[in-house]
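All remarks here apply to the structure that follows.
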Amino acid sequence: MTRKAEIGERLGEVEAQIAQACRAAGRGRDQVTLVAITKTYPADDVRILAELGVRDVGENRDQEAAEKARACADLALTWHFVGQLQTNKVRSVVGYADVIHSVDRARLVTAISKEAVRAGREVSCLVQVALDDDPERGGARLADVPGLADEIAGADGLRLGGVMAVAPLGEEPGRAFGRLAEVAGLVRGRYPEATMVSAGMSGDLSEAIAHGATHVRIGTALLGRRKPFVR
Ligand SMILES: *Cc1c(COP(=O)(O)O)cnc(C)c1O
């Protein structure tokens, strides 16, 4: 089987799962965007995904993402950055990312704003929420989310998109996504245009859609299991 046929088959399965979850939640399929997470996979796979109709791709490491975005610059794709972000990588990330999902501290807001203005771009930013209230693995504490949303909304060059989270290990994902839905509602109450809820990966996309996810971030189910890699 060619790689394109394989990815096409996997995409069909993911699409069916998304459609089923939308039906079960009484939501329209057009309310959920599939973001293909292409980390560790080559630019050729991004090209195949684009040929198969995927319009949104995401990466979690700047160096790899920058190379792939350059190699795919001829494609009309929206690039999402979903990984932990250090301020010294912000200039590079702002060079290709349309949406940054992992904004979890005020210093990052300042840095992204500065580079967005410099580049003359508008970058959508999501507040990443630590649903276990432990900011260790990335994400802001629940109590800090509204303040960060204010910072983004008030920053030049940035658009507040909404919120993002990864389900914590060891908890039923639906419960955790319920907390995300609550804080998403809070943010939307102040900023009605901040409608994005980025939640759900290969293992929990249905639960995320049941709890209002507008963007699911799918890697493994589309491209296969990643080889573990050493930095
Ligand atoms: C890798 C990654 C994903 C995709 O995870 P899969 O389980 O492979 O679908 C989603 N979100 C983030 C932040 C990631 O780093």
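Ordered as shown in the structure tokens, chains take letters A, B, and onward, while each chain numbers its residues from 1 and ligands are numbered from 1 in the order shown.
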What does the list of residues within 7 Å of ligand 1 look like if you count only C-alpha atoms and all ligand atoms, written as number ranges by chain?
A: 37, 39, 60, 82-83, 166, 201-203, 217-221
Quick one: everything within 6 Å of segment 70-81 of chain A, counting only C-alpha atoms, minus sequence neighbours fewer than 5 positions away in the same chain. Send it as JSON, numbers by chain.
{"A": [55, 56, 57, 58, 59, 60, 97, 98, 99, 100]}
Write out, as a PDB file, in the first residue's frame, the residues just selected, with C-alpha atoms.
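Saved to part-v3.pdb:
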ATOM      1  CA  ARG A  55      -5.988  22.269   5.823  1.00  0.00           C
ATOM      2  CA  ASP A  56      -4.626  22.528   9.383  1.00  0.00           C
ATOM      3  CA  VAL A  57      -1.350  21.047  10.591  1.00  0.00           C
ATOM      4  CA  GLY A  58       0.358  21.242  13.966  1.00  0.00           C
ATOM      5  CA  GLU A  59       3.842  20.754  15.334  1.00  0.00           C
ATOM      6  CA  ASN A  60       5.351  20.835  18.821  1.00  0.00           C
ATOM      7  CA  ALA A  97       2.612  29.787  12.975  1.00  0.00           C
ATOM      8  CA  ASP A  98      -0.876  31.170  12.461  1.00  0.00           C
ATOM      9  CA  VAL A  99      -2.103  29.826  15.799  1.00  0.00           C
ATOM     10  CA  ILE A 100      -0.109  29.225  18.992  1.00  0.00           C
TER      11      ILE A 100
END
Name all residues at most 9 Å from Arg29 of chain A (count only C-alpha atoms; drop same-chain ones fewer than 4 positions away) and give them as a PyMOL selection string.
chain A and resi 18-23+33
Could you write out that same residue set with C-alpha atoms as a tab-separated table (two decimals), in the first residue's frame?
chain	number	residue	atom	x	y	z
A	18	ILE	CA	-15.29	12.86	14.43
A	19	ALA	CA	-18.59	12.71	12.54
A	20	GLN	CA	-19.96	10.14	14.99
A	21	ALA	CA	-18.89	12.22	18.01
A	22	CYS	CA	-20.47	15.34	16.50
A	23	ARG	CA	-23.74	13.48	15.90
A	33	THR	CA	-11.60	21.41	12.85
All residues 9 Å or closer to segment 11-13 of chain A, only C-alpha atoms, same chain fewer than 6 positions away omitted, as a PyMOL selection string:
chain A and resi 49+52+221-223
Based on the selection just made, write N, CA and C atoms of those residues as a PDB file, in the first residue's frame.
ATOM      1  N   LEU A  49      -1.270  14.835   3.280  1.00  0.00           N
ATOM      2  CA  LEU A  49      -2.449  15.285   4.033  1.00  0.00           C
ATOM      3  C   LEU A  49      -3.140  16.438   3.299  1.00  0.00           C
ATOM      4  N   LEU A  52      -5.096  15.276   0.497  1.00  0.00           N
ATOM      5  CA  LEU A  52      -6.308  14.587   0.944  1.00  0.00           C
ATOM      6  C   LEU A  52      -7.324  15.555   1.555  1.00  0.00           C
ATOM      7  N   ALA A 221      -3.331   8.599  15.195  1.00  0.00           N
ATOM      8  CA  ALA A 221      -4.419   7.961  14.451  1.00  0.00           C
ATOM      9  C   ALA A 221      -4.327   8.257  12.953  1.00  0.00           C
ATOM     10  N   LEU A 222      -3.687   9.361  12.591  1.00  0.00           N
ATOM     11  CA  LEU A 222      -3.568   9.726  11.174  1.00  0.00           C
ATOM     12  C   LEU A 222      -2.312   9.170  10.528  1.00  0.00           C
ATOM     13  N   LEU A 223      -1.210   9.211  11.280  1.00  0.00           N
ATOM     14  CA  LEU A 223       0.095   8.940  10.658  1.00  0.00           C
ATOM     15  C   LEU A 223       0.770   7.688  11.197  1.00  0.00           C
TER      16      LEU A 223
END
Give me, as JSON lines, the closest atom pair and its distance (Å, one decimal) for every residue of segment 176-228 of chain A within a cut-off of 9 Å of segment 110-130 of chain A, counting only C-alpha atoms, rows sorted by chain and rising number.
{"residue": "A:Leu180", "atom": "CA", "partner": "A:Val129", "partner_atom": "CA", "distance": 7.5}
{"residue": "A:Val183", "atom": "CA", "partner": "A:Val129", "partner_atom": "CA", "distance": 8.8}
{"residue": "A:Ala194", "atom": "CA", "partner": "A:Leu126", "partner_atom": "CA", "distance": 8.7}
{"residue": "A:Met196", "atom": "CA", "partner": "A:Leu126", "partner_atom": "CA", "distance": 7.7}
{"residue": "A:Val197", "atom": "CA", "partner": "A:Leu126", "partner_atom": "CA", "distance": 8.4}
{"residue": "A:Ser198", "atom": "CA", "partner": "A:Leu126", "partner_atom": "CA", "distance": 8.2}
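Shortest atom-to-atom contact with Ala143 of chain A among A:Asp62, A:Glu172, A:Asp104, A:Glu9: A:Asp104, counting only C-alpha atoms.
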Compile the contact shell of Ala213 of chain A as a PyMOL selection string: residues with an atom at most 9 Å away, counting only C-alpha atoms, same-chain residues fewer than 4 positions apart removed.
chain A and resi 31-33+177+181+196-200+205+207-209
Extract the full set of alpha helix (DSSP H) residues from segment 12-225 of chain A according to DSSP on the backbone, and format it as an MDAnalysis selection string.
chainID A and resid 12:25 43:51 62:71 90:94 106:119 145:153 173:190 205:210 220:223
Write out as a PDB file with C-alpha atoms, in the first residue's frame all residues of segment 57-105 of chain A that backbone DSSP assigns to strand (DSSP E).
ATOM      1  CA  VAL A  57      -1.350  21.047  10.591  1.00  0.00           C
ATOM      2  CA  GLY A  58       0.358  21.242  13.966  1.00  0.00           C
ATOM      3  CA  GLU A  59       3.842  20.754  15.334  1.00  0.00           C
ATOM      4  CA  THR A  78      -2.795  26.899   8.526  1.00  0.00           C
ATOM      5  CA  TRP A  79       0.110  26.093  10.875  1.00  0.00           C
ATOM      6  CA  HIS A  80      -0.535  25.474  14.548  1.00  0.00           C
ATOM      7  CA  PHE A  81       2.173  25.411  17.194  1.00  0.00           C
ATOM      8  CA  VAL A  99      -2.103  29.826  15.799  1.00  0.00           C
ATOM      9  CA  ILE A 100      -0.109  29.225  18.992  1.00  0.00           C
ATOM     10  CA  HIS A 101      -1.981  26.847  21.314  1.00  0.00           C
ATOM     11  CA  SER A 102       0.480  26.839  24.209  1.00  0.00           C
ATOM     12  CA  VAL A 103       0.455  30.321  25.713  1.00  0.00           C
TER      13      VAL A 103
END
Do you have the atom CA of Asp204 of chain A-atom CA of Gly8 of chain A distance handy?
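Atom-to-atom, atom CA of Asp204 of chain A to atom CA of Gly8 of chain A, that is 20.8 Å.
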Which residue out of A:Gly212, A:Pro228, A:Gly174, A:Gly157 has the minimum interatomic distance to Val94 of chain A when only C-alpha atoms are used?
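Counting only C-alpha atoms, the residue closest to Val94 of chain A is A:Gly157.
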Any idea what the distance is between atom CA of Ala16 of chain A and atom CA of Glu182 of chain A?
27.2 Å
Could you check the closest approach to Thr195 of chain A for each of A:Arg141, A:Gly170, A:Gly162, A:Asp156 and tell me which residue wins, using only C-alpha atoms?
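Smallest distance to Thr195 of chain A is found for A:Gly162.
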Would you work out the distance separating atom CA of Gly178 of chain A from atom CA of Ala165 of chain A, expressed in Å to one decimal?
11.2 Å
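Using only C-alpha atoms, the shortest contact distance between Thr2 of chain A and any of A:Ala43, A:Val187, A:Ile48, A:Val163 is found at A:Ile48.
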Between A:Val35, A:Gln17, A:Arg3, A:Pro135, which has the minimum distance to Val216 of chain A (counting only C-alpha atoms)?
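Closest candidate: A:Val35.
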